[in-house]
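data-v8.cif (mmCIF, C-alpha atoms)
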```cif
data_my_file
#
loop_
_atom_site.label_atom_id
_atom_site.label_comp_id
_atom_site.auth_asym_id
_atom_site.auth_seq_id
_atom_site.Cartn_x
_atom_site.Cartn_y
_atom_site.Cartn_z
CA THR A 1 -118.17 30.81 28.06
CA TYR A 2 -118.41 27.01 28.07
CA MET A 3 -118.25 26.88 24.26
CA LYS A 4 -115.13 29.07 24.19
CA LYS A 5 -113.42 26.87 26.80
CA TYR A 6 -114.40 23.77 24.82
CA VAL A 7 -112.94 25.11 21.55
CA THR A 8 -109.73 26.19 23.32
CA SER A 9 -109.36 22.78 24.97
CA LEU A 10 -109.96 21.04 21.62
CA ALA A 11 -107.32 23.17 19.90
CA ILE A 12 -104.75 22.42 22.63
CA ALA A 13 -105.50 18.70 22.42
CA ALA A 14 -105.15 18.70 18.64
CA ALA A 15 -101.81 20.50 18.84
CA THR A 16 -100.62 18.09 21.53
CA PHE A 17 -101.34 15.03 19.39
CA ALA A 18 -100.31 16.53 16.04
CA THR A 19 -96.92 18.09 16.71
CA PRO A 20 -94.94 15.18 18.22
CA ALA A 21 -95.05 13.27 14.92
CA LEU A 22 -93.51 16.20 13.07
CA ALA A 23 -90.95 16.75 15.82
CA GLN A 24 -89.91 13.10 15.65
CA ASP A 25 -89.68 13.11 11.85
CA PHE A 26 -87.51 16.27 11.93
CA GLN A 27 -84.55 14.14 12.98
CA GLY A 28 -82.79 10.95 11.93
CA PHE A 29 -81.22 9.75 8.69
CA TYR A 30 -82.31 11.46 5.48
CA ALA A 31 -81.58 11.58 1.75
CA GLY A 32 -82.84 13.92 -0.93
CA VAL A 33 -82.60 15.71 -4.25
CA GLU A 34 -82.02 19.39 -4.97
CA GLY A 35 -81.78 21.87 -7.81
CA GLY A 36 -81.12 25.53 -8.27
CA PHE A 37 -79.17 28.38 -9.78
CA ASP A 38 -75.38 28.81 -9.98
CA ASN A 39 -73.54 32.11 -10.43
CA TYR A 40 -69.75 32.20 -10.87
CA GLU A 41 -67.70 35.39 -10.65
CA VAL A 42 -64.15 35.65 -11.99
CA LYS A 43 -61.73 38.38 -10.96
CA VAL A 44 -58.19 38.96 -12.20
CA ASP A 45 -55.83 41.33 -10.41
CA ASP A 46 -52.49 42.05 -12.11
CA ILE A 47 -52.17 38.62 -13.69
CA ASP A 48 -49.00 37.92 -15.68
CA LEU A 49 -49.82 37.71 -19.42
CA THR A 50 -46.24 37.37 -20.69
CA ASP A 51 -46.70 33.77 -21.86
CA VAL A 52 -49.94 34.69 -23.63
CA VAL A 53 -48.98 37.85 -25.56
CA GLY A 54 -45.25 37.19 -25.93
CA PHE A 55 -43.95 40.25 -24.07
CA ASP A 56 -43.96 41.63 -20.53
CA ALA A 57 -47.59 42.47 -19.73
CA THR A 58 -50.12 42.28 -16.93
CA GLY A 59 -53.91 42.42 -17.00
CA SER A 60 -56.77 43.05 -14.61
CA PHE A 61 -60.54 42.82 -14.85
CA ASP A 62 -63.56 42.45 -12.60
CA GLY A 63 -67.27 41.83 -13.06
CA LEU A 64 -66.97 38.80 -15.34
CA SER A 65 -69.65 36.29 -14.39
CA GLY A 66 -71.54 33.29 -15.72
CA ASN A 67 -74.81 31.64 -14.73
CA GLY A 68 -76.24 28.17 -14.98
CA VAL A 69 -78.46 25.57 -13.39
CA MET A 70 -77.39 22.81 -11.02
CA GLY A 71 -78.84 19.61 -9.62
CA GLY A 72 -77.68 17.10 -7.07
CA VAL A 73 -78.28 14.57 -4.33
CA PHE A 74 -77.47 14.61 -0.61
CA ALA A 75 -77.68 12.33 2.43
CA GLY A 76 -76.99 12.79 6.12
CA TYR A 77 -78.12 12.64 9.73
CA HIS A 78 -80.20 15.24 11.56
CA ALA A 79 -80.26 15.43 15.40
CA THR A 80 -82.68 17.62 17.35
CA MET A 81 -81.97 18.90 20.86
CA ASP A 82 -84.96 20.72 22.34
CA THR A 83 -85.10 23.99 20.34
CA THR A 84 -81.83 23.54 18.44
CA PHE A 85 -80.53 21.02 15.91
CA ILE A 86 -77.40 19.92 14.10
CA ALA A 87 -77.07 17.96 10.86
CA VAL A 88 -74.09 16.53 8.97
CA GLU A 89 -74.33 15.48 5.33
CA GLY A 90 -72.48 14.60 2.17
CA PHE A 91 -73.50 15.74 -1.30
CA ALA A 92 -72.75 15.54 -5.02
CA GLN A 93 -73.98 17.83 -7.78
CA LEU A 94 -73.64 18.81 -11.46
CA SER A 95 -73.65 22.31 -12.94
CA ASP A 96 -73.68 23.75 -16.44
CA ALA A 97 -72.52 27.23 -15.40
CA SER A 98 -69.67 28.73 -17.43
CA VAL A 99 -67.76 31.99 -17.77
CA GLY A 100 -66.41 33.11 -21.14
CA ILE A 101 -64.46 36.00 -22.66
CA SER A 102 -63.21 36.83 -26.14
CA ALA A 103 -60.77 39.37 -27.58
CA THR A 104 -59.97 40.42 -31.14
CA ASP A 105 -57.58 42.74 -32.94
CA GLY A 106 -59.94 43.01 -35.91
CA VAL A 107 -58.42 40.02 -37.65
CA ASP A 108 -57.77 37.26 -35.15
CA GLU A 109 -59.95 36.32 -32.19
CA ILE A 110 -59.10 34.51 -28.98
CA LYS A 111 -61.83 32.85 -26.89
CA ALA A 112 -61.42 31.58 -23.36
CA SER A 113 -63.88 29.92 -21.00
CA ILE A 114 -64.07 28.27 -17.60
CA LYS A 115 -66.87 25.74 -17.03
CA ALA A 116 -67.94 24.12 -13.77
CA ASN A 117 -68.70 20.40 -13.97
CA GLU A 118 -69.23 18.03 -11.03
CA SER A 119 -68.85 18.92 -7.36
CA PHE A 120 -68.90 16.93 -4.15
CA GLY A 121 -68.32 17.66 -0.49
CA ALA A 122 -69.51 17.55 3.10
CA ALA A 123 -71.23 20.09 5.34
CA ALA A 124 -72.63 20.71 8.80
CA ARG A 125 -75.82 22.63 9.56
CA PHE A 126 -76.46 24.37 12.91
CA GLY A 127 -79.96 25.69 13.50
CA VAL A 128 -82.83 26.80 15.69
CA LYS A 129 -86.39 25.47 15.47
CA VAL A 130 -89.05 28.09 14.79
CA ASN A 131 -91.60 25.44 15.73
CA ASN A 132 -91.77 21.64 15.71
CA ALA A 133 -91.89 21.54 11.92
CA THR A 134 -89.64 24.42 10.80
CA GLY A 135 -86.04 25.46 11.44
CA ILE A 136 -83.57 28.07 10.24
CA TYR A 137 -79.85 27.31 10.11
CA ALA A 138 -76.31 28.29 9.20
CA ARG A 139 -74.31 25.95 7.00
CA VAL A 140 -70.54 25.51 6.55
CA GLY A 141 -68.61 22.82 4.72
CA TRP A 142 -65.94 21.74 2.25
CA LEU A 143 -66.55 21.68 -1.50
CA SER A 144 -64.48 20.30 -4.38
CA THR A 145 -65.42 21.31 -7.93
CA ASN A 146 -64.00 20.16 -11.25
CA PHE A 147 -63.40 23.05 -13.67
CA LYS A 148 -62.63 22.81 -17.37
CA ALA A 149 -60.66 25.69 -18.92
CA THR A 150 -60.56 26.14 -22.70
CA ILE A 151 -58.62 28.58 -24.91
CA ASP A 152 -59.25 28.80 -28.66
CA ASP A 153 -57.09 31.10 -30.80
CA GLY A 154 -58.92 30.29 -34.03
CA VAL A 155 -56.29 27.79 -35.10
CA ASP A 156 -55.80 25.53 -32.12
CA ALA A 157 -57.90 24.82 -29.03
CA TYR A 158 -56.36 24.01 -25.67
CA SER A 159 -58.26 22.61 -22.71
CA ASP A 160 -57.47 21.35 -19.24
CA SER A 161 -59.51 20.08 -16.29
CA GLU A 162 -58.64 20.48 -12.64
CA SER A 163 -60.46 20.08 -9.32
CA GLU A 164 -60.33 22.96 -6.86
CA ASP A 165 -61.37 23.07 -3.19
CA ALA A 166 -63.34 25.75 -1.38
CA ILE A 167 -64.98 26.53 1.95
CA GLN A 168 -68.72 26.85 1.39
CA TYR A 169 -70.98 28.72 3.82
CA GLY A 170 -74.48 30.13 3.91
CA VAL A 171 -77.95 30.05 5.44
CA GLY A 172 -81.10 27.99 4.93
CA LEU A 173 -84.62 27.15 6.03
CA GLU A 174 -86.20 23.69 6.32
CA THR A 175 -89.81 22.78 7.01
CA MET A 176 -91.76 19.54 7.19
CA ILE A 177 -94.43 19.24 4.47
CA ALA A 178 -95.43 15.64 5.25
CA GLU A 179 -94.81 13.10 7.99
CA SER A 180 -91.35 12.11 6.66
CA VAL A 181 -90.73 14.71 3.96
CA SER A 182 -89.20 18.17 4.34
CA LEU A 183 -88.64 21.07 1.97
CA ARG A 184 -85.56 23.26 2.29
CA ALA A 185 -84.15 26.37 0.61
CA GLU A 186 -80.55 27.62 0.85
CA TYR A 187 -78.23 30.44 -0.22
CA LEU A 188 -74.55 29.38 -0.26
CA ARG A 189 -71.29 31.07 -1.18
CA ALA A 190 -67.86 29.60 -1.93
CA SER A 191 -64.46 31.06 -2.82
CA TYR A 192 -61.94 28.94 -4.77
CA GLY A 193 -58.99 31.28 -4.20
CA ASP A 194 -56.38 31.86 -6.88
CA GLN A 195 -56.74 28.49 -8.66
CA GLY A 196 -52.95 28.16 -8.53
CA VAL A 197 -52.54 31.32 -10.65
CA ASP A 198 -51.54 34.45 -8.75
CA GLY A 199 -54.13 37.18 -9.19
CA LEU A 200 -57.01 34.93 -10.33
CA SER A 201 -60.01 34.19 -8.09
CA ILE A 202 -63.34 32.42 -8.66
CA ASP A 203 -66.36 32.85 -6.37
CA ASN A 204 -69.68 31.03 -6.48
CA ASN A 205 -73.16 32.07 -5.37
CA ASN A 206 -75.66 29.24 -5.19
CA PHE A 207 -79.42 29.41 -4.66
CA LYS A 208 -81.15 26.05 -4.37
CA ALA A 209 -84.15 24.15 -3.04
CA GLY A 210 -84.44 20.49 -2.14
CA LEU A 211 -86.67 17.71 -0.86
CA ALA A 212 -85.43 15.47 1.96
CA PHE A 213 -86.93 12.07 2.76
CA ARG A 214 -86.44 10.68 6.27
CA PHE A 215 -86.20 7.01 7.15
#
```
Final structure tokens representation of the file:
Amino acid sequence: TYMKKYVTSLAIAAATFATPALAQDFQGFYAGVEGGFDNYEVKVDDIDLTDVVGFDATGSFDGLSGNGVMGGVFAGYHATMDTTFIAVEGFAQLSDASVGISATDGVDEIKASIKANESFGAAARFGVKVNNATGIYARVGWLSTNFKATIDDGVDAYSDSESEDAIQYGVGLETMIAESVSLRAEYLRASYGDQGVDGLSIDNNNFKAGLAFRF
């Protein structure tokens, strides 16, 4: 009918005028803030404990983890090519996640912990647009995190800080929620290797959401 054709034509016209603005805003320079949840997993496989216990000994354990919250800032450039896009960005963040363990012989107790502090790095995102306002993507980059290790034997406390590098990778989704503002959510994973100690490895799982402002 005439009315049906009129409504269809109106809907097409509205989509034609409405979507280019979002498509244009989905690219260019951007900066934003983010926050989320950090999970660190520590695994030890046949680590040498001779210097700790005073005699030849090795130890192994798995399943030790610690959680915390994180927050950070990021900035980069987003380029759109038809139905695909690529973005490069730098970022910095803080975390309060820590992993701790204690042991006792009934008299004395030893406590040890590893805490994540600040991190910074760079990443690239490669994605496909679901529509003019939404895209899904894979992310890969380099991450450097400062860790603080502490050992307390009840008499003396020893601590040391060191920065470790990791390859970070994961997936995400980004969608425009205003003319120059987008919302994104990501799941990322990073492995810091043996931390310079044979048999020790630290992995990170990170779930976060952020707001990006384009200019």
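The environment of Thr134 (chain A) within 8 Å, counting all atoms listed in the file and disregarding residues fewer than 6 places along the same chain, consists of A:Leu173, A:Glu174, A:Thr175, A:Met176.
One finds CA of Gln168 (chain A) at 5.6 Å from CA of Arg189 (chain A).
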Matched chain/residue IDs from the PyMOL selection byres ((chain A and resi 130) around 10), as a PDB file with C-alpha atoms, in the coordinates of the input:
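And here is the file that came out, expr-v5.pdb:
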```
ATOM      1  CA  THR A  83     -85.100  23.990  20.340  1.00  0.00           C
ATOM      2  CA  THR A  84     -81.830  23.540  18.440  1.00  0.00           C
ATOM      3  CA  GLY A 127     -79.960  25.690  13.500  1.00  0.00           C
ATOM      4  CA  VAL A 128     -82.830  26.800  15.690  1.00  0.00           C
ATOM      5  CA  LYS A 129     -86.390  25.470  15.470  1.00  0.00           C
ATOM      6  CA  ASN A 131     -91.600  25.440  15.730  1.00  0.00           C
ATOM      7  CA  ASN A 132     -91.770  21.640  15.710  1.00  0.00           C
ATOM      8  CA  ALA A 133     -91.890  21.540  11.920  1.00  0.00           C
ATOM      9  CA  THR A 134     -89.640  24.420  10.800  1.00  0.00           C
ATOM     10  CA  GLY A 135     -86.040  25.460  11.440  1.00  0.00           C
ATOM     11  CA  ILE A 136     -83.570  28.070  10.240  1.00  0.00           C
ATOM     12  CA  LEU A 173     -84.620  27.150   6.030  1.00  0.00           C
ATOM     13  CA  GLU A 174     -86.200  23.690   6.320  1.00  0.00           C
ATOM     14  CA  THR A 175     -89.810  22.780   7.010  1.00  0.00           C
TER      15      THR A 175
END
```
Spatial neighbours of Val155 (chain A), 10 Å, all atoms listed in the file, chain gap at least 3 places, as a ChimeraX atom specification: /A:108-110,152
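Going from CA of Asn206 (chain A) to CA of Val69 (chain A) covers 9.4 Å.
Picked out by the PyMOL selection byres ((chain A and resi 165) around 7) when it runs on this file: Leu143, Ser144, Thr145, Ser163, Glu164, Ala166 and Tyr192 of chain A.
Between CA of Asp96 (chain A) and CA of Glu41 (chain A) there is a distance of 14.3 Å.
Polymer residues near (-71.9, 20.7, 9.2): counting only C-alpha atoms with a cut-off of 9 Å, they are Ile86, Ala87, Val88, Glu89, Ala122, Ala123, Ala124, Arg125, Phe126, Ala138, Arg139, Val140 and Gly141 of chain A.
What the PyMOL selection byres ((chain A and resi 68) around 10) matches in the given file is Gly36, Phe37, Asp38, Asn39, Tyr40, Gly66, Asn67, Val69, Met70, Ser95, Asp96, Ala97, Ser98, Val99, Lys115, Ala116 and Asn206 of chain A.
In terms of minimum interatomic distance to Ser119 (chain A), A:Glu162 ranks closest within A:Asp156, A:Asp82, A:Glu186, A:Glu162, counting only C-alpha atoms.
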Given the choices A:Ala209, A:Val181, A:Ala190, A:Ile101, which gets closest to Thr150 (chain A) if the distance is worked out from all atoms listed in the file? A:Ile101
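For the choices A:Phe85, A:Gly76, A:Tyr30, A:Gly35, the atom-to-atom distance to Tyr187 (chain A) is smallest for A:Gly35 when using only C-alpha atoms.
The smallest atom-to-atom distance between Thr80 (chain A) and any of A:Phe120, A:Ala185, A:Phe29, A:Gln93, using only C-alpha atoms, is found for A:Phe29.
Closest to Ser180 (chain A) among A:Arg214, A:Lys208, A:Lys111, A:Lys43 is A:Arg214, based on all atoms listed in the file.
The closest residue to Ala79 (chain A), picked from A:Asp203, A:Tyr169, A:Ser182, A:Gly28 and counting all atoms listed in the file, is A:Gly28.
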Might you pull out every residue within 12 Å of Ala112 (chain A), with only C-alpha atoms counted and same-chain residues fewer than 4 positions away left off, and present them as a compact mmCIF listing (two decimals) with C-alpha atoms, keeping the file's coordinate frame?
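Result written to selection_32.txt:
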```txt
# COMPACT_ATOMS: atom_id res chain seq x y z
CA VAL A 52 -49.94 34.69 -23.63
CA SER A 98 -69.67 28.73 -17.43
CA VAL A 99 -67.76 31.99 -17.77
CA GLY A 100 -66.41 33.11 -21.14
CA ILE A 101 -64.46 36.00 -22.66
CA SER A 102 -63.21 36.83 -26.14
CA ALA A 103 -60.77 39.37 -27.58
CA THR A 104 -59.97 40.42 -31.14
CA LYS A 148 -62.63 22.81 -17.37
CA ALA A 149 -60.66 25.69 -18.92
CA THR A 150 -60.56 26.14 -22.70
CA ILE A 151 -58.62 28.58 -24.91
CA ASP A 152 -59.25 28.80 -28.66
CA ASP A 153 -57.09 31.10 -30.80
CA GLY A 154 -58.92 30.29 -34.03
CA ALA A 157 -57.90 24.82 -29.03
CA TYR A 158 -56.36 24.01 -25.67
CA SER A 159 -58.26 22.61 -22.71
CA ASP A 160 -57.47 21.35 -19.24
```
